[in-house]
Amino acid sequence: MPLPFLTADRVFEAPGETAGDVALPFDDHDQWRRPYRPGPWRVGAAALLLLLASFVLLAAMTIAFTGALPGAGICMGIAVVVIACALRLLRVGAWVSRHGLRRVSFFVTTTVAWDRASTVRTVQQPVRWLGLPRAVQGQALVLVRPGGEPLQLLTDHNADFLSRVEAFDRAADTVEAWSDEYRPV
C-alpha cells in the first residue's frame, strides 16, 4: 500500500539506487552529520529505554493523582534521565564536517580538526562487542594523529554495524573519503 507522503531521503531515489547512495540537496558540509544511519541494535536499545520512560511517566502520573507529589517528582526526574540517556545513545557515533571529525561516545565527545589528522584507515584489530568488555577480532576505522595516538571511530562489532559488514564498509569508505577531501596534504 503506497503512502501519500514521501520522506526526504525517498524523494530523490531513482530506480536501481538506494537512499544511502544519493546526496540530498540540503547536504551542508559545514554542519556536523553522521555519514551512516544508526544501526538496529542502537535504535532498538533507545526504543526500549523510551518504552521504560513511558512506564515511569505513567507511574509518576499515578503517584501524582494519589497526592504524593514528592514521589511523583522523583519518578518524573527518573523518566527525564532515562529519556536523556536514550537520546544520547542515538547520538553516539562518528560525525564529520568540513571542519573535522567528531567521535561521540556516551559520556565523552572528541573532536579532531582535519589538519590534526595524519590518516584515517581501516585496520584489523581486537574490538569490543557492542561496547561490552568482551573483545573479538574485527575491523575498526581508526584516525591516527600526528603524534601517533590512534582514535578508534567505528568498529564492525558496535551497535551500528553488528552483522552488517556491508554497512560498515560503506561508512568507513565515506569517512575516508571525507578525510581525503578535507585533510590537508
# chains A, B, ... in the order shown; residues from 1 in each chain; ligands from 1
$ select_by_dssp --residues "chain A" --states "strand (DSSP E)" --output "PDB file with C-alpha atoms, in the first residue's frame"
ATOM      1  CA  GLY A  93      28.977   7.533  16.610  1.00  0.00           C
ATOM      2  CA  ALA A  94      31.314   9.287  14.215  1.00  0.00           C
ATOM      3  CA  TRP A  95      30.296  12.680  12.816  1.00  0.00           C
ATOM      4  CA  VAL A  96      32.032  14.580  10.019  1.00  0.00           C
ATOM      5  CA  SER A  97      32.015  18.098   8.658  1.00  0.00           C
ATOM      6  CA  GLY A 100      36.959  17.888  11.154  1.00  0.00           C
ATOM      7  CA  LEU A 101      35.869  14.606  12.607  1.00  0.00           C
ATOM      8  CA  ARG A 102      33.944  14.134  15.852  1.00  0.00           C
ATOM      9  CA  ARG A 103      33.711  10.892  17.824  1.00  0.00           C
ATOM     10  CA  VAL A 104      30.708  10.957  20.147  1.00  0.00           C
ATOM     11  CA  THR A 109      32.897  13.774  22.763  1.00  0.00           C
ATOM     12  CA  THR A 110      36.246  14.111  20.992  1.00  0.00           C
ATOM     13  CA  THR A 111      36.694  16.486  18.044  1.00  0.00           C
ATOM     14  CA  VAL A 112      39.754  16.408  15.795  1.00  0.00           C
ATOM     15  CA  ALA A 113      40.310  19.014  13.085  1.00  0.00           C
ATOM     16  CA  THR A 119      45.492   9.269   8.369  1.00  0.00           C
ATOM     17  CA  VAL A 120      42.097   7.650   8.583  1.00  0.00           C
ATOM     18  CA  ARG A 121      42.232   3.944   7.782  1.00  0.00           C
ATOM     19  CA  THR A 122      40.555   0.617   8.429  1.00  0.00           C
ATOM     20  CA  VAL A 123      42.622  -1.832  10.495  1.00  0.00           C
ATOM     21  CA  GLN A 124      42.180  -5.401  11.670  1.00  0.00           C
ATOM     22  CA  GLN A 125      42.366  -5.493  15.485  1.00  0.00           C
ATOM     23  CA  PRO A 126      40.554  -6.716  18.601  1.00  0.00           C
ATOM     24  CA  VAL A 127      37.373  -4.677  19.068  1.00  0.00           C
ATOM     25  CA  ARG A 128      34.740  -4.578  21.786  1.00  0.00           C
ATOM     26  CA  ALA A 135      36.783  -8.256  22.792  1.00  0.00           C
ATOM     27  CA  VAL A 136      36.608 -10.095  19.466  1.00  0.00           C
ATOM     28  CA  GLN A 137      38.701  -9.908  16.310  1.00  0.00           C
ATOM     29  CA  GLY A 138      37.226  -7.398  13.889  1.00  0.00           C
ATOM     30  CA  GLN A 139      37.748  -4.272  11.847  1.00  0.00           C
ATOM     31  CA  ALA A 140      37.972  -0.744  13.158  1.00  0.00           C
ATOM     32  CA  LEU A 141      38.122   2.625  11.460  1.00  0.00           C
ATOM     33  CA  VAL A 142      40.980   4.458  13.164  1.00  0.00           C
ATOM     34  CA  LEU A 143      42.073   8.076  12.974  1.00  0.00           C
ATOM     35  CA  VAL A 144      45.808   8.464  13.572  1.00  0.00           C
ATOM     36  CA  PRO A 150      45.086   6.417  17.376  1.00  0.00           C
ATOM     37  CA  LEU A 151      41.431   7.256  17.918  1.00  0.00           C
ATOM     38  CA  GLN A 152      39.018   4.405  17.206  1.00  0.00           C
ATOM     39  CA  LEU A 153      35.993   5.818  15.359  1.00  0.00           C
ATOM     40  CA  LEU A 154      33.901   2.846  14.254  1.00  0.00           C
ATOM     41  CA  THR A 155      34.032  -0.933  14.604  1.00  0.00           C
TER      42      THR A 155
END
$ select_by_dssp --residues "chain A" --states "alpha helix (DSSP H)" --output "JSON, numbers by chain"
{"A": [8, 9, 10, 11, 40, 41, 42, 43, 44, 45, 46, 47, 48, 49, 50, 51, 52, 53, 54, 55, 56, 57, 58, 59, 60, 61, 62, 63, 64, 65, 66, 69, 70, 71, 72, 73, 74, 75, 76, 77, 78, 79, 80, 81, 82, 83, 84, 85, 86, 87, 88, 89, 90, 91, 165, 166, 167, 168, 169, 170, 171, 172, 173, 174, 175, 176, 177, 178, 179, 180, 181, 182]}
$ residues_around --residues "Ala171 in chain A" --least-positions-apart "6" --cutoff "10 Å" --atoms "only C-alpha atoms" --output "compact mmCIF listing (two decimals) with C-alpha atoms, in the first residue's frame"
# COMPACT_ATOMS: atom_id res chain seq x y z
CA ARG A 34 26.71 11.22 10.65
CA PRO A 35 27.74 9.64 7.31
CA TYR A 36 25.71 6.49 8.04
CA ARG A 37 22.41 5.53 9.59
CA ALA A 94 31.31 9.29 14.22
CA LEU A 141 38.12 2.63 11.46
CA LEU A 154 33.90 2.85 14.25
CA PHE A 161 27.28 -2.39 12.38
CA VAL A 165 29.57 -5.83 7.21
CA ALA A 177 36.53 9.98 1.51
$ residues_around --residues "Leu87 in chain A" --least-positions-apart "2" --cutoff "10 Å" --atoms "only C-alpha atoms" --output "list of chain:residue names"
A:Val43, A:Ala46, A:Ala47, A:Leu49, A:Leu50, A:Val81, A:Val82, A:Ile83, A:Ala84, A:Cys85, A:Leu89, A:Leu90, A:Arg91, A:Val92
$ residues_around --residues "Met61 in chain A" --least-positions-apart "6" --cutoff "12 Å" --atoms "only C-alpha atoms" --output "NGL selection string"
:A and (54-55 or 67-76 or 79)
$ write_last_selection --atoms "N, CA and C atoms" --output "tab-separated table (two decimals), in the first residue's frame"
chain	number	residue	atom	x	y	z
A	54	SER	N	8.28	5.71	29.33
A	54	SER	CA	6.82	5.91	29.28
A	54	SER	C	6.14	5.24	30.47
A	55	PHE	N	6.63	4.08	30.88
A	55	PHE	CA	6.07	3.41	32.06
A	55	PHE	C	6.37	4.20	33.33
A	67	GLY	N	-1.73	11.95	45.33
A	67	GLY	CA	-1.42	13.06	46.23
A	67	GLY	C	0.00	13.07	46.75
A	68	ALA	N	0.81	12.11	46.40
A	68	ALA	CA	2.21	12.07	46.87
A	68	ALA	C	3.09	12.78	45.84
A	69	LEU	N	3.12	14.10	45.89
A	69	LEU	CA	3.85	14.88	44.90
A	69	LEU	C	5.36	14.70	44.95
A	70	PRO	N	5.99	14.55	46.13
A	70	PRO	CA	7.44	14.30	46.11
A	70	PRO	C	7.80	12.99	45.38
A	71	GLY	N	7.01	11.96	45.57
A	71	GLY	CA	7.26	10.69	44.86
A	71	GLY	C	7.05	10.84	43.37
A	72	ALA	N	6.04	11.62	42.98
A	72	ALA	CA	5.80	11.87	41.56
A	72	ALA	C	6.95	12.65	40.95
A	73	GLY	N	7.49	13.60	41.71
A	73	GLY	CA	8.64	14.37	41.22
A	73	GLY	C	9.87	13.50	41.02
A	74	ILE	N	10.08	12.55	41.93
A	74	ILE	CA	11.21	11.63	41.79
A	74	ILE	C	11.04	10.77	40.55
A	75	CYS	N	9.83	10.25	40.35
A	75	CYS	CA	9.56	9.44	39.15
A	75	CYS	C	9.74	10.26	37.88
A	76	MET	N	9.29	11.50	37.92
A	76	MET	CA	9.44	12.38	36.75
A	76	MET	C	10.92	12.62	36.46
A	79	ALA	N	12.37	9.56	34.84
A	79	ALA	CA	11.95	9.48	33.43
A	79	ALA	C	12.74	10.43	32.56
$ closest_residue --among "A:Val80, A:Ala45, A:Val108, A:Leu130" --to "Leu57 in chain A" --atoms "only C-alpha atoms"
A:Val80
$ atom_distance --atom1 "CA of Ala172 in chain A" --atom2 "CA of Ala86 in chain A"
24.9 Å
$ closest_residue --among "A:Ile63, A:Ala167, A:Leu51, A:Gly131" --to "Ser105 in chain A" --atoms "only C-alpha atoms"
A:Gly131
$ atom_distance --atom1 "CA of Gly147 in chain A" --atom2 "CA of Glu176 in chain A"
19.5 Å
$ atom_distance --atom1 "CA of Asp180 in chain A" --atom2 "CA of Ala159 in chain A"
26.1 Å
